[in-house]
file entry12.cif (mmCIF, C-alpha atoms)
data_query
loop_
_atom_site.group_PDB
_atom_site.id
_atom_site.type_symbol
_atom_site.label_atom_id
_atom_site.label_comp_id
_atom_site.auth_asym_id
_atom_site.auth_seq_id
_atom_site.Cartn_x
_atom_site.Cartn_y
_atom_site.Cartn_z
ATOM 1 C CA MET A 28 0.000 0.000 0.000
ATOM 2 C CA MET A 29 1.397 3.359 -1.065
ATOM 3 C CA MET A 30 1.089 6.461 1.047
ATOM 4 C CA THR A 31 -0.015 9.396 -1.055
ATOM 5 C CA GLU A 32 0.664 12.938 0.003
ATOM 6 C CA SER A 33 -2.540 14.210 -1.508
ATOM 7 C CA GLY A 34 -5.128 12.072 0.192
ATOM 8 C CA PRO A 35 -6.172 8.999 2.073
ATOM 9 C CA THR A 36 -4.425 5.671 1.636
ATOM 10 C CA LYS A 37 -6.258 2.851 -0.093
ATOM 11 C CA ARG A 38 -7.362 1.470 3.264
ATOM 12 C CA LEU A 39 -9.095 4.711 4.226
ATOM 13 C CA CYS A 40 -10.399 5.545 0.743
ATOM 14 C CA PRO A 41 -14.197 6.017 0.606
ATOM 15 C CA LEU A 42 -14.213 4.789 -3.028
ATOM 16 C CA CYS A 43 -12.473 1.495 -2.182
ATOM 17 C CA VAL A 44 -15.605 0.341 -0.326
ATOM 18 C CA ASN A 45 -17.618 -2.616 -1.656
ATOM 19 C CA PRO A 46 -20.462 -2.093 -2.300
ATOM 20 C CA LEU A 47 -20.525 1.675 -2.706
ATOM 21 C CA PRO A 48 -23.678 3.635 -1.826
ATOM 22 C CA GLY A 49 -25.912 4.013 -4.891
ATOM 23 C CA GLU A 50 -24.136 1.270 -6.822
ATOM 24 C CA LEU A 51 -25.842 0.493 -10.138
ATOM 25 C CA LEU A 52 -23.274 -1.770 -11.762
ATOM 26 C CA ARG A 53 -19.890 -3.204 -10.785
ATOM 27 C CA THR A 54 -17.508 -4.903 -13.205
ATOM 28 C CA GLU A 55 -13.921 -6.061 -12.734
ATOM 29 C CA GLN A 56 -12.563 -2.677 -13.851
ATOM 30 C CA TRP A 57 -15.123 0.003 -12.999
ATOM 31 C CA ILE A 58 -18.247 0.800 -10.998
ATOM 32 C CA VAL A 59 -21.178 3.048 -11.896
ATOM 33 C CA ILE A 60 -23.093 4.674 -9.058
ATOM 34 C CA ASP A 61 -26.006 7.052 -8.645
ATOM 35 C CA ALA A 62 -24.236 9.908 -6.848
ATOM 36 C CA GLN A 63 -27.414 10.455 -4.796
ATOM 37 C CA ASP A 64 -26.920 14.202 -4.941
ATOM 38 C CA ALA A 65 -30.071 15.850 -3.595
ATOM 39 C CA ALA A 66 -29.550 19.063 -5.582
ATOM 40 C CA PHE A 67 -28.671 17.330 -8.864
ATOM 41 C CA PRO A 68 -30.730 14.176 -9.443
ATOM 42 C CA GLY A 69 -29.299 12.007 -12.213
ATOM 43 C CA PHE A 70 -25.737 12.896 -11.153
ATOM 44 C CA THR A 71 -23.816 9.707 -12.007
ATOM 45 C CA ARG A 72 -20.313 8.654 -11.049
ATOM 46 C CA ILE A 73 -17.986 6.189 -12.761
ATOM 47 C CA ILE A 74 -15.233 4.894 -10.518
ATOM 48 C CA TRP A 75 -12.151 3.054 -11.709
ATOM 49 C CA LEU A 76 -11.671 0.056 -9.445
ATOM 50 C CA THR A 77 -7.911 0.403 -8.933
ATOM 51 C CA HIS A 78 -6.843 3.037 -6.408
ATOM 52 C CA VAL A 79 -4.941 5.421 -8.698
ATOM 53 C CA ALA A 80 -5.287 9.203 -8.856
ATOM 54 C CA GLU A 81 -4.933 10.328 -12.460
ATOM 55 C CA MET A 82 -6.032 9.291 -15.961
ATOM 56 C CA THR A 83 -2.375 9.146 -17.016
ATOM 57 C CA ASP A 84 -1.763 6.574 -14.265
ATOM 58 C CA LEU A 85 -3.738 4.211 -16.512
ATOM 59 C CA THR A 86 -2.505 2.534 -19.698
ATOM 60 C CA VAL A 87 -3.792 3.953 -22.974
ATOM 61 C CA ASP A 88 -6.113 0.967 -23.300
ATOM 62 C CA GLN A 89 -7.492 1.397 -19.762
ATOM 63 C CA ARG A 90 -8.105 5.117 -20.386
ATOM 64 C CA ARG A 91 -10.136 4.273 -23.475
ATOM 65 C CA LYS A 92 -12.149 1.643 -21.627
ATOM 66 C CA LEU A 93 -12.976 4.103 -18.864
ATOM 67 C CA MET A 94 -13.861 6.922 -21.280
ATOM 68 C CA ASP A 95 -16.041 4.528 -23.277
ATOM 69 C CA VAL A 96 -18.073 3.981 -20.103
ATOM 70 C CA VAL A 97 -18.227 7.731 -19.412
ATOM 71 C CA PHE A 98 -19.514 8.380 -22.941
ATOM 72 C CA ALA A 99 -21.994 5.502 -22.738
ATOM 73 C CA VAL A 100 -23.384 7.069 -19.560
ATOM 74 C CA GLU A 101 -23.560 10.461 -21.314
ATOM 75 C CA GLU A 102 -25.382 8.894 -24.245
ATOM 76 C CA VAL A 103 -28.022 7.147 -22.152
ATOM 77 C CA MET A 104 -28.399 10.235 -19.955
ATOM 78 C CA ARG A 105 -29.079 12.403 -22.999
ATOM 79 C CA GLN A 106 -31.558 9.899 -24.421
ATOM 80 C CA THR A 107 -33.553 9.333 -21.252
ATOM 81 C CA LEU A 108 -33.235 12.516 -19.166
ATOM 82 C CA MET A 109 -32.804 14.951 -22.075
ATOM 83 C CA PRO A 110 -30.792 17.527 -20.116
ATOM 84 C CA HIS A 111 -29.908 20.893 -21.651
ATOM 85 C CA LYS A 112 -26.214 20.216 -21.089
ATOM 86 C CA ILE A 113 -23.900 17.471 -19.911
ATOM 87 C CA ASN A 114 -21.058 18.220 -17.500
ATOM 88 C CA LEU A 115 -18.099 15.833 -17.345
ATOM 89 C CA ALA A 116 -15.405 16.147 -14.711
ATOM 90 C CA SER A 117 -12.634 14.195 -13.031
ATOM 91 C CA LEU A 118 -11.329 16.291 -10.142
ATOM 92 C CA GLY A 119 -10.406 14.055 -7.201
ATOM 93 C CA ASN A 120 -9.146 16.838 -4.958
ATOM 94 C CA GLN A 121 -11.034 15.478 -1.976
ATOM 95 C CA VAL A 122 -10.840 11.793 -2.912
ATOM 96 C CA PRO A 123 -7.817 11.096 -5.162
ATOM 97 C CA HIS A 124 -9.176 7.779 -6.398
ATOM 98 C CA LEU A 125 -9.887 8.065 -10.112
ATOM 99 C CA HIS A 126 -13.569 8.771 -10.822
ATOM 100 C CA TRP A 127 -15.698 10.673 -13.304
ATOM 101 C CA HIS A 128 -18.727 12.825 -12.688
ATOM 102 C CA VAL A 129 -21.401 12.810 -15.401
ATOM 103 C CA ILE A 130 -23.928 15.481 -14.484
ATOM 104 C CA PRO A 131 -27.152 16.355 -16.298
ATOM 105 C CA ARG A 132 -27.749 20.107 -16.261
ATOM 106 C CA TRP A 133 -30.830 22.198 -16.953
ATOM 107 C CA ARG A 134 -31.086 25.922 -17.500
ATOM 108 C CA ASP A 135 -33.436 26.101 -14.535
ATOM 109 C CA ASP A 136 -31.373 23.957 -12.157
ATOM 110 C CA VAL A 137 -30.122 25.418 -8.910
ATOM 111 C CA ALA A 138 -26.693 26.530 -10.175
ATOM 112 C CA PHE A 139 -26.858 26.841 -13.995
ATOM 113 C CA PRO A 140 -24.892 28.198 -15.823
ATOM 114 C CA ALA A 141 -22.360 27.932 -13.001
ATOM 115 C CA SER A 142 -20.776 24.591 -12.084
ATOM 116 C CA VAL A 143 -22.438 22.258 -9.585
ATOM 117 C CA TRP A 144 -19.593 23.170 -7.216
ATOM 118 C CA THR A 145 -20.598 26.819 -7.219
ATOM 119 C CA PRO A 146 -23.146 27.913 -4.584
ATOM 120 C CA GLY A 147 -26.571 28.035 -6.254
ATOM 121 C CA GLN A 148 -29.911 29.714 -5.693
ATOM 122 C CA GLU A 149 -33.088 27.712 -5.140
ATOM 123 C CA THR A 150 -36.107 28.835 -7.182
ATOM 124 C CA ARG A 151 -39.597 27.485 -7.791
ATOM 125 C CA GLU A 152 -38.348 26.290 -11.209
ATOM 126 C CA SER A 153 -35.311 24.470 -9.816
ATOM 127 C CA GLU A 154 -37.528 22.716 -7.273
ATOM 128 C CA GLN A 155 -39.962 21.608 -9.993
ATOM 129 C CA ARG A 156 -37.052 20.517 -12.204
ATOM 130 C CA ARG A 157 -35.725 18.243 -9.465
ATOM 131 C CA ILE A 158 -39.122 16.619 -9.031
ATOM 132 C CA ASP A 159 -39.406 16.023 -12.794
ATOM 133 C CA VAL A 160 -35.901 14.545 -13.057
ATOM 134 C CA GLN A 161 -36.394 12.416 -9.965
ATOM 135 C CA SER A 162 -39.460 10.835 -11.543
ATOM 136 C CA ALA A 163 -37.405 9.774 -14.595
ATOM 137 C CA LEU A 164 -34.521 8.200 -12.663
ATOM 138 C CA THR A 165 -35.813 4.641 -12.627
ATOM 139 C CA ASP A 166 -36.089 4.642 -16.415
ATOM 140 C CA TYR A 167 -32.658 6.228 -16.720
ATOM 141 C CA HIS A 168 -31.005 3.682 -14.437
ATOM 142 C CA GLN A 169 -32.682 0.752 -16.170
ATOM 143 C CA ALA A 170 -31.562 2.012 -19.585
ATOM 144 C CA LEU A 171 -28.063 2.590 -18.213
ATOM 145 C CA ILE A 172 -27.689 -0.907 -16.817
ATOM 146 C CA GLN A 173 -29.045 -2.390 -20.038
ATOM 147 C CA ARG A 174 -26.628 -0.321 -22.158
ATOM 148 C CA LEU A 175 -23.607 -1.199 -20.029
ATOM 149 C CA THR A 176 -24.301 -4.903 -19.807
ATOM 150 C CA ASN A 177 -24.742 -5.358 -23.574
ATOM 151 C CA MET B 207 -26.152 27.354 -38.984
ATOM 152 C CA MET B 208 -28.205 25.816 -36.198
ATOM 153 C CA MET B 209 -29.777 27.843 -33.454
ATOM 154 C CA THR B 210 -29.180 26.201 -30.112
ATOM 155 C CA GLU B 211 -31.403 26.864 -27.164
ATOM 156 C CA SER B 212 -28.568 26.542 -24.708
ATOM 157 C CA GLY B 213 -26.148 29.124 -25.983
ATOM 158 C CA PRO B 214 -24.789 31.349 -28.684
ATOM 159 C CA THR B 215 -24.908 30.402 -32.322
ATOM 160 C CA LYS B 216 -21.677 29.592 -34.114
ATOM 161 C CA ARG B 217 -21.432 33.165 -35.348
ATOM 162 C CA LEU B 218 -21.502 34.576 -31.824
ATOM 163 C CA CYS B 219 -19.433 31.809 -30.237
ATOM 164 C CA PRO B 220 -16.300 33.077 -28.442
ATOM 165 C CA LEU B 221 -14.531 29.766 -29.166
ATOM 166 C CA CYS B 222 -15.095 30.017 -32.940
ATOM 167 C CA VAL B 223 -12.636 32.936 -33.083
ATOM 168 C CA ASN B 224 -9.345 32.544 -34.975
ATOM 169 C CA PRO B 225 -6.874 33.001 -33.403
ATOM 170 C CA LEU B 226 -8.065 32.516 -29.839
ATOM 171 C CA PRO B 227 -6.410 34.432 -26.984
ATOM 172 C CA GLY B 228 -3.531 32.420 -25.512
ATOM 173 C CA GLU B 229 -3.356 30.055 -28.471
ATOM 174 C CA LEU B 230 -0.430 27.630 -28.236
ATOM 175 C CA LEU B 231 -1.199 25.246 -31.078
ATOM 176 C CA ARG B 232 -3.919 24.947 -33.717
ATOM 177 C CA THR B 233 -4.468 21.886 -35.881
ATOM 178 C CA GLU B 234 -7.281 21.034 -38.273
ATOM 179 C CA GLN B 235 -9.293 19.369 -35.501
ATOM 180 C CA TRP B 236 -8.400 21.006 -32.191
ATOM 181 C CA ILE B 237 -6.734 24.004 -30.565
ATOM 182 C CA VAL B 238 -4.733 24.191 -27.339
ATOM 183 C CA ILE B 239 -4.710 27.483 -25.448
ATOM 184 C CA ASP B 240 -3.249 28.854 -22.252
ATOM 185 C CA ALA B 241 -6.468 29.785 -20.430
ATOM 186 C CA GLN B 242 -4.675 32.840 -18.999
ATOM 187 C CA ASP B 243 -6.434 32.376 -15.687
ATOM 188 C CA ALA B 244 -4.828 34.756 -13.174
ATOM 189 C CA ALA B 245 -5.762 32.608 -10.178
ATOM 190 C CA PHE B 246 -4.714 29.300 -11.733
ATOM 191 C CA PRO B 247 -1.568 29.628 -13.856
ATOM 192 C CA GLY B 248 -0.979 26.619 -16.091
ATOM 193 C CA PHE B 249 -4.753 26.226 -16.646
ATOM 194 C CA THR B 250 -4.908 24.832 -20.194
ATOM 195 C CA ARG B 251 -7.873 24.460 -22.523
ATOM 196 C CA ILE B 252 -8.325 22.090 -25.462
ATOM 197 C CA ILE B 253 -11.010 23.185 -27.893
ATOM 198 C CA TRP B 254 -12.562 21.001 -30.562
ATOM 199 C CA LEU B 255 -12.656 23.014 -33.761
ATOM 200 C CA THR B 256 -16.192 22.103 -34.835
ATOM 201 C CA HIS B 257 -18.996 23.959 -33.054
ATOM 202 C CA VAL B 258 -20.687 21.047 -31.244
ATOM 203 C CA ALA B 259 -21.752 20.892 -27.605
ATOM 204 C CA GLU B 260 -21.178 17.386 -26.293
ATOM 205 C CA MET B 261 -18.604 14.594 -26.493
ATOM 206 C CA THR B 262 -21.302 12.250 -27.803
ATOM 207 C CA ASP B 263 -21.856 14.662 -30.705
ATOM 208 C CA LEU B 264 -18.472 13.379 -31.962
ATOM 209 C CA THR B 265 -17.779 10.042 -33.603
ATOM 210 C CA VAL B 266 -16.024 7.434 -31.476
ATOM 211 C CA ASP B 267 -12.811 8.104 -33.396
ATOM 212 C CA GLN B 268 -13.060 11.874 -32.875
ATOM 213 C CA ARG B 269 -13.694 11.392 -29.143
ATOM 214 C CA ARG B 270 -10.542 9.302 -28.886
ATOM 215 C CA LYS B 271 -8.495 11.858 -30.783
ATOM 216 C CA LEU B 272 -9.682 14.649 -28.506
ATOM 217 C CA MET B 273 -9.112 12.641 -25.318
ATOM 218 C CA ASP B 274 -5.646 11.660 -26.544
ATOM 219 C CA VAL B 275 -4.830 15.391 -26.674
ATOM 220 C CA VAL B 276 -6.339 15.957 -23.212
ATOM 221 C CA PHE B 277 -4.225 13.142 -21.777
ATOM 222 C CA ALA B 278 -1.096 14.345 -23.586
ATOM 223 C CA VAL B 279 -1.624 17.760 -21.971
ATOM 224 C CA GLU B 280 -2.098 16.083 -18.584
ATOM 225 C CA GLU B 281 1.087 14.081 -19.060
ATOM 226 C CA VAL B 282 3.260 17.069 -19.973
ATOM 227 C CA MET B 283 1.649 19.133 -17.200
ATOM 228 C CA ARG B 284 2.517 16.488 -14.628
ATOM 229 C CA GLN B 285 6.075 16.173 -15.893
ATOM 230 C CA THR B 286 6.862 19.880 -16.065
ATOM 231 C CA LEU B 287 4.660 21.589 -13.439
ATOM 232 C CA MET B 288 4.424 18.655 -11.025
ATOM 233 C CA PRO B 289 1.042 19.631 -9.554
ATOM 234 C CA HIS B 290 -0.409 17.750 -6.586
ATOM 235 C CA LYS B 291 -3.526 16.938 -8.599
ATOM 236 C CA ILE B 292 -4.903 17.263 -12.108
ATOM 237 C CA ASN B 293 -8.479 18.430 -12.685
ATOM 238 C CA LEU B 294 -10.182 17.550 -15.971
ATOM 239 C CA ALA B 295 -13.551 18.993 -16.929
ATOM 240 C CA SER B 296 -15.804 19.593 -19.899
ATOM 241 C CA LEU B 297 -18.733 21.701 -18.731
ATOM 242 C CA GLY B 298 -19.744 24.172 -21.457
ATOM 243 C CA ASN B 299 -22.663 25.673 -19.565
ATOM 244 C CA GLN B 300 -21.601 29.185 -20.492
ATOM 245 C CA VAL B 301 -20.068 28.365 -23.875
ATOM 246 C CA PRO B 302 -21.608 25.191 -25.342
ATOM 247 C CA HIS B 303 -18.765 24.661 -27.812
ATOM 248 C CA LEU B 304 -16.923 21.477 -26.883
ATOM 249 C CA HIS B 305 -13.782 22.157 -24.852
ATOM 250 C CA TRP B 306 -11.771 20.580 -22.056
ATOM 251 C CA HIS B 307 -10.189 22.214 -19.046
ATOM 252 C CA VAL B 308 -6.919 20.698 -17.804
ATOM 253 C CA ILE B 309 -6.081 22.389 -14.522
ATOM 254 C CA PRO B 310 -3.000 21.857 -12.363
ATOM 255 C CA ARG B 311 -3.898 21.986 -8.672
ATOM 256 C CA TRP B 312 -1.780 22.406 -5.570
ATOM 257 C CA ARG B 313 -2.771 21.868 -1.964
ATOM 258 C CA ASP B 314 -1.864 25.483 -1.281
ATOM 259 C CA ASP B 315 -3.671 27.009 -4.263
ATOM 260 C CA VAL B 316 -6.445 29.520 -3.705
ATOM 261 C CA ALA B 317 -9.346 27.029 -3.762
ATOM 262 C CA PHE B 318 -7.966 23.548 -2.990
ATOM 263 C CA PRO B 319 -9.507 21.060 -2.239
ATOM 264 C CA ALA B 320 -12.583 22.770 -3.694
ATOM 265 C CA SER B 321 -13.022 23.142 -7.449
ATOM 266 C CA VAL B 322 -11.622 26.155 -9.299
ATOM 267 C CA TRP B 323 -15.265 27.247 -9.730
ATOM 268 C CA THR B 324 -15.748 27.498 -5.982
ATOM 269 C CA PRO B 325 -14.917 30.842 -4.349
ATOM 270 C CA GLY B 326 -11.424 30.575 -2.838
ATOM 271 C CA GLN B 327 -9.389 32.267 -0.139
ATOM 272 C CA GLU B 328 -6.114 34.025 -0.937
ATOM 273 C CA THR B 329 -3.219 33.222 1.403
ATOM 274 C CA ARG B 330 0.505 33.991 1.458
ATOM 275 C CA GLU B 331 1.100 30.402 0.296
ATOM 276 C CA SER B 332 -1.339 30.624 -2.634
ATOM 277 C CA GLU B 333 0.322 33.867 -3.749
ATOM 278 C CA GLN B 334 3.783 32.269 -3.617
ATOM 279 C CA ARG B 335 2.478 29.180 -5.417
ATOM 280 C CA ARG B 336 1.212 31.302 -8.311
ATOM 281 C CA ILE B 337 4.582 33.025 -8.635
ATOM 282 C CA ASP B 338 6.386 29.660 -8.689
ATOM 283 C CA VAL B 339 4.024 28.166 -11.279
ATOM 284 C CA GLN B 340 4.142 31.296 -13.413
ATOM 285 C CA SER B 341 7.919 31.015 -13.624
ATOM 286 C CA ALA B 342 7.643 27.462 -15.010
ATOM 287 C CA LEU B 343 5.055 28.237 -17.699
ATOM 288 C CA THR B 344 7.481 28.874 -20.552
ATOM 289 C CA ASP B 345 9.078 25.454 -20.050
ATOM 290 C CA TYR B 346 5.643 23.846 -19.758
ATOM 291 C CA HIS B 347 4.356 25.439 -22.950
ATOM 292 C CA GLN B 348 7.507 24.553 -24.884
ATOM 293 C CA ALA B 349 7.289 20.930 -23.759
ATOM 294 C CA LEU B 350 3.581 20.894 -24.615
ATOM 295 C CA ILE B 351 4.070 22.157 -28.146
ATOM 296 C CA GLN B 352 6.932 19.715 -28.697
ATOM 297 C CA ARG B 353 4.837 16.790 -27.392
ATOM 298 C CA LEU B 354 1.807 17.678 -29.515
ATOM 299 C CA THR B 355 3.699 18.253 -32.728
ATOM 300 C CA ASN B 356 5.568 14.940 -32.559
#
call {"tool": "encode", "arguments": {"input": "entry12.cif", "output": "structure tokens"}}
result
Amino acid sequence: MMMTESGPTKRLCPLCVNPLPGELLRTEQWIVIDAQDAAFPGFTRIIWLTHVAEMTDLTVDQRRKLMDVVFAVEEVMRQTLMPHKINLASLGNQVPHLHWHVIPRWRDDVAFPASVWTPGQETRESEQRRIDVQSALTDYHQALIQRLTN
Amino acid sequence: MMMTESGPTKRLCPLCVNPLPGELLRTEQWIVIDAQDAAFPGFTRIIWLTHVAEMTDLTVDQRRKLMDVVFAVEEVMRQTLMPHKINLASLGNQVPHLHWHVIPRWRDDVAFPASVWTPGQETRESEQRRIDVQSALTDYHQALIQRLTN
């Protein structure tokens, strides 16, 4: 086990847990979870199983495999949730275990056009938007699992 | 020319300008620019030349080409600037023309461990960090251009 300066060791890593909260699908290389973000329903996370910090810690082939999953999630998200924009991000400042955020965004969500990490402002529209998205999540998750297991 | 609901048309798009501010390298498919972000020196942007909004608007081959550039930037950034963490993001909420942010992060930068889109707090350390990074930018950009033209 390597000590990293920038974050928890593997043993203490919240993404090395099995199963993870909100887990939708786990393979031998990656896991897809519902991020269970109250402000941004549909927020989906793809986690690389190995405890590494950066994309360039992976081989070229592993990077492609992971990005293929990210783009498959984006595709299904667009088809089923029809967001106005997709946000993709791999930050890992708090948890330096490689993971991707795939976030559906709407012009009337709580933070748009700012990032989901920027303090937002609740409105009647953003509240209604959350309710609408929440009601489509079962369909989205079913389509996602089907897409990723075929 | 398509009207998009989510943002400016191609004609009004600030990323359809040639040349772009901070441009380091322009090919027939993508452009790499120094984002010239005062708070986050080294912040680099990769812009897909065609005015599309999402990664899944590209073909699988185009996605791979673009991500190969993103990862090449990450690689050179790690080697030359040696940041504590790399942040990758493709948001496009403000400018829905496909682009990637590659951001070097340090534990003593103005916002760490929050995102660069989260309001930060200036400290003596973050000020010194910016000066140090700034002084390495010429080497970083030279290495970047060399890597991407070979």
call {"tool": "interface_residues", "arguments": {"input": "entry12.cif", "of": "chain A", "to": "chain B", "cutoff": "7 Å", "atoms": "only C-alpha atoms", "output": "PyMOL selection string"}}
result
chain A and resi 33+81+83+98+102+111-118+120-121+140-142+144-145
call {"tool": "atom_distance", "arguments": {"input": "entry12.cif", "atom1": "atom CA of Ile252 of chain B", "atom2": "atom CA of Val275 of chain B"}}
result
7.7 Å
call {"tool": "atom_distance", "arguments": {"input": "entry12.cif", "atom1": "atom CA of Asp166 of chain A", "atom2": "atom CA of Ser153 of chain A"}}
result
20.9 Å
call {"tool": "calpha_fit_and_write", "arguments": {"input": "entry12.cif", "fixed": "chain B", "moving": "chain A", "output": "short mmCIF file (atom, residue, chain, number, x, y, z; two decimals) with C-alpha atoms, in the frame of the given file"}}
result
data_model
loop_
_atom_site.label_atom_id
_atom_site.label_comp_id
_atom_site.auth_asym_id
_atom_site.auth_seq_id
_atom_site.Cartn_x
_atom_site.Cartn_y
_atom_site.Cartn_z
CA MET A 28 -26.02 27.46 -38.99
CA MET A 29 -28.09 25.84 -36.26
CA MET A 30 -29.73 27.81 -33.50
CA THR A 31 -29.12 26.17 -30.15
CA GLU A 32 -31.39 26.78 -27.22
CA SER A 33 -28.58 26.52 -24.74
CA GLY A 34 -26.17 29.13 -25.98
CA PRO A 35 -24.81 31.37 -28.67
CA THR A 36 -24.91 30.43 -32.33
CA LYS A 37 -21.68 29.60 -34.11
CA ARG A 38 -21.42 33.17 -35.36
CA LEU A 39 -21.48 34.60 -31.84
CA CYS A 40 -19.43 31.82 -30.22
CA PRO A 41 -16.30 33.09 -28.42
CA LEU A 42 -14.53 29.77 -29.15
CA CYS A 43 -15.10 30.02 -32.92
CA VAL A 44 -12.65 32.94 -33.08
CA ASN A 45 -9.35 32.55 -34.96
CA PRO A 46 -6.88 32.99 -33.39
CA LEU A 47 -8.08 32.51 -29.83
CA PRO A 48 -6.42 34.43 -26.98
CA GLY A 49 -3.55 32.41 -25.50
CA GLU A 50 -3.36 30.05 -28.47
CA LEU A 51 -0.43 27.63 -28.23
CA LEU A 52 -1.21 25.25 -31.06
CA ARG A 53 -3.93 24.95 -33.71
CA THR A 54 -4.48 21.87 -35.87
CA GLU A 55 -7.30 21.02 -38.27
CA GLN A 56 -9.32 19.36 -35.50
CA TRP A 57 -8.42 21.01 -32.19
CA ILE A 58 -6.75 24.00 -30.55
CA VAL A 59 -4.75 24.18 -27.33
CA ILE A 60 -4.72 27.47 -25.44
CA ASP A 61 -3.26 28.85 -22.24
CA ALA A 62 -6.47 29.77 -20.42
CA GLN A 63 -4.68 32.83 -19.00
CA ASP A 64 -6.45 32.39 -15.68
CA ALA A 65 -4.83 34.75 -13.18
CA ALA A 66 -5.76 32.60 -10.17
CA PHE A 67 -4.71 29.29 -11.73
CA PRO A 68 -1.56 29.62 -13.86
CA GLY A 69 -1.00 26.60 -16.08
CA PHE A 70 -4.76 26.23 -16.64
CA THR A 71 -4.92 24.83 -20.19
CA ARG A 72 -7.87 24.46 -22.52
CA ILE A 73 -8.35 22.09 -25.45
CA ILE A 74 -11.03 23.19 -27.88
CA TRP A 75 -12.56 21.00 -30.56
CA LEU A 76 -12.67 23.03 -33.76
CA THR A 77 -16.20 22.10 -34.83
CA HIS A 78 -19.00 23.95 -33.04
CA VAL A 79 -20.69 21.04 -31.26
CA ALA A 80 -21.74 20.89 -27.61
CA GLU A 81 -21.18 17.38 -26.30
CA MET A 82 -18.60 14.57 -26.49
CA THR A 83 -21.31 12.24 -27.81
CA ASP A 84 -21.86 14.66 -30.71
CA LEU A 85 -18.49 13.38 -31.96
CA THR A 86 -17.79 10.03 -33.61
CA VAL A 87 -16.04 7.42 -31.48
CA ASP A 88 -12.83 8.08 -33.39
CA GLN A 89 -13.07 11.86 -32.88
CA ARG A 90 -13.70 11.38 -29.14
CA ARG A 91 -10.55 9.30 -28.87
CA LYS A 92 -8.50 11.85 -30.79
CA LEU A 93 -9.69 14.63 -28.51
CA MET A 94 -9.12 12.63 -25.32
CA ASP A 95 -5.65 11.66 -26.55
CA VAL A 96 -4.83 15.38 -26.67
CA VAL A 97 -6.34 15.95 -23.21
CA PHE A 98 -4.22 13.13 -21.77
CA ALA A 99 -1.10 14.34 -23.58
CA VAL A 100 -1.62 17.75 -21.98
CA GLU A 101 -2.10 16.07 -18.57
CA GLU A 102 1.09 14.08 -19.06
CA VAL A 103 3.25 17.06 -19.97
CA MET A 104 1.65 19.14 -17.21
CA ARG A 105 2.51 16.49 -14.62
CA GLN A 106 6.07 16.18 -15.91
CA THR A 107 6.86 19.88 -16.07
CA LEU A 108 4.67 21.59 -13.45
CA MET A 109 4.43 18.65 -11.03
CA PRO A 110 1.05 19.63 -9.57
CA HIS A 111 -0.41 17.76 -6.59
CA LYS A 112 -3.52 16.94 -8.60
CA ILE A 113 -4.91 17.26 -12.10
CA ASN A 114 -8.48 18.42 -12.68
CA LEU A 115 -10.19 17.55 -15.97
CA ALA A 116 -13.56 18.98 -16.92
CA SER A 117 -15.81 19.58 -19.90
CA LEU A 118 -18.73 21.70 -18.74
CA GLY A 119 -19.75 24.17 -21.46
CA ASN A 120 -22.66 25.68 -19.57
CA GLN A 121 -21.60 29.20 -20.48
CA VAL A 122 -20.06 28.38 -23.87
CA PRO A 123 -21.59 25.20 -25.35
CA HIS A 124 -18.76 24.67 -27.81
CA LEU A 125 -16.93 21.47 -26.89
CA HIS A 126 -13.78 22.16 -24.84
CA TRP A 127 -11.78 20.58 -22.05
CA HIS A 128 -10.20 22.20 -19.04
CA VAL A 129 -6.93 20.68 -17.81
CA ILE A 130 -6.08 22.38 -14.53
CA PRO A 131 -3.00 21.86 -12.37
CA ARG A 132 -3.89 21.99 -8.68
CA TRP A 133 -1.78 22.42 -5.57
CA ARG A 134 -2.74 21.88 -1.96
CA ASP A 135 -1.85 25.50 -1.28
CA ASP A 136 -3.67 27.01 -4.26
CA VAL A 137 -6.44 29.51 -3.70
CA ALA A 138 -9.35 27.03 -3.76
CA PHE A 139 -7.96 23.53 -2.99
CA PRO A 140 -9.50 21.06 -2.24
CA ALA A 141 -12.57 22.75 -3.69
CA SER A 142 -13.02 23.13 -7.46
CA VAL A 143 -11.62 26.14 -9.30
CA TRP A 144 -15.24 27.25 -9.72
CA THR A 145 -15.73 27.50 -5.98
CA PRO A 146 -14.89 30.85 -4.34
CA GLY A 147 -11.41 30.57 -2.83
CA GLN A 148 -9.37 32.27 -0.14
CA GLU A 149 -6.10 34.03 -0.93
CA THR A 150 -3.20 33.22 1.41
CA ARG A 151 0.51 34.00 1.47
CA GLU A 152 1.10 30.40 0.29
CA SER A 153 -1.32 30.63 -2.64
CA GLU A 154 0.32 33.87 -3.75
CA GLN A 155 3.79 32.29 -3.61
CA ARG A 156 2.49 29.19 -5.42
CA ARG A 157 1.22 31.32 -8.30
CA ILE A 158 4.58 33.04 -8.65
CA ASP A 159 6.39 29.67 -8.69
CA VAL A 160 4.02 28.18 -11.28
CA GLN A 161 4.13 31.30 -13.42
CA SER A 162 7.91 31.03 -13.62
CA ALA A 163 7.63 27.47 -15.01
CA LEU A 164 5.05 28.25 -17.71
CA THR A 165 7.47 28.88 -20.55
CA ASP A 166 9.05 25.47 -20.04
CA TYR A 167 5.63 23.86 -19.76
CA HIS A 168 4.35 25.45 -22.96
CA GLN A 169 7.49 24.56 -24.89
CA ALA A 170 7.28 20.94 -23.75
CA LEU A 171 3.57 20.89 -24.61
CA ILE A 172 4.05 22.17 -28.14
CA GLN A 173 6.91 19.73 -28.68
CA ARG A 174 4.83 16.80 -27.40
CA LEU A 175 1.81 17.68 -29.52
CA THR A 176 3.70 18.27 -32.73
CA ASN A 177 5.59 14.95 -32.59
#
call {"tool": "resolve_selection", "arguments": {"input": "entry12.cif", "expression": "the PyMOL selection byres ((chain B and resi 353) around 10)", "output": "PyMOL selection string"}}
result
chain B and resi 275+278-279+281-282+347-352+354-356
call {"tool": "resolve_selection", "arguments": {"input": "entry12.cif", "expression": "the PyMOL selection byres ((chain A and resi 59) around 8)", "output": "PyMOL selection string"}}
result
chain A and resi 50-53+57-58+60-61+71-74
